[in-house]
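Okay, so here's the structure we're looking at.
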Amino acid sequence: MPVEAVRHELDLPDRRLVAALVRPPLTVADGRITTMGRAPAGTAGLPAPVAGAVRSLLDDLAKAPFQASEAGRLAALGLGPRELAAAVRAGALLRVTEGVVLAPGADARAAALLARLPQPFTVSQARSALGTSRRVAVPLLEHLDRKGLTERVDEVHRRSL
């Protein structure tokens with residue numbers, strides 16, 4: 001079900017409140033509430049080797065959702081630029097920036113976690129809260145800014161919206 005439809009049905013003032021209420025076996029992915037463990041949208045349409053590699057990558061991300069694999073790991077899985085682009089188009093992966101891919105819906109989960117931080121927050125505080133590196137945190141925050149989930153307050157601070 002779309003997050004906006006749930007927000008409307010529950011008469012909540014903000015979609016972020018819907019994400020905060022979602023618990024397993026449900027999760028928020030690509031603006032919809034879905035069942036966890038379900039194959040990512042479009043995985044079945046990918047060539048078998050790519051689908052298998054994406055599943056392996058998603059298994060890694062299930063253990064550490066914001067620790068994007070490095071280029072060497074992606075290459076070892078057989079996920080080059082074309083394979084990653086196909087997986088992103090299929091909705092099986094979320095491209096944050098070149099070289100940083102996460103599970104679908106990771107941006108919404110990150111926004112929900114960051115909303116719990118004292119506002120405004122720094123990149124370092126976000127990195128720590130998300131359990132990730134600066135290599136991932138900075139582009140992820142920029143992605144969240146573009147989506148309107150966070151905004152830069154000044155050169156050092158951001159806040160959740």
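In the structure tokens, chains take letters A, B, ... by order of appearance, with residues numbered from 1 within each chain and ligands from 1 in the order shown.
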
**Study point:** 6 Å contact set for stretch 29-34 of chain A, only C-alpha atoms, chain neighbours under 4 positions out, as a list in words
**Key:**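 Listed by chain and then number, they are Met1, Pro2, Val3, Pro104 and Gly105 of chain A.
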
Review point. Any idea what's packed within 8 Å of A:Gln119, counting only C-alpha atoms, ignoring anything in its chain fewer than 2 positions away? Could you give it as number ranges by chain?
Key: A: 115, 117, 121, 158-160

Practice item. Return as a ChimeraX atom specification the full set of residues in stretch 4-117 of chain A whose backbone-based DSSP assignment is helix (DSSP H, G or I). Key: /A:4-10,15-21,43-45,48-63,71-77,81-89,106-115

Check your understanding: Do you know which residues are at most 12 Å from A:Gly80 counting only C-alpha atoms, after dropping those on the same chain fewer than 2 positions away, and could you put them as an NGL selection string?
Key -> :A and (50 or 53-54 or 70-78 or 82-87 or 98-99 or 101)

Exercise for review: For A:Ala20, list every protein, DNA or RNA residue within 9 Å, evaluated using only C-alpha atoms, and leave out those in the same chain fewer than 3 positions away; present the list as an NGL selection string.
Suggested key: :A and (15-17 or 23 or 109 or 112-113)
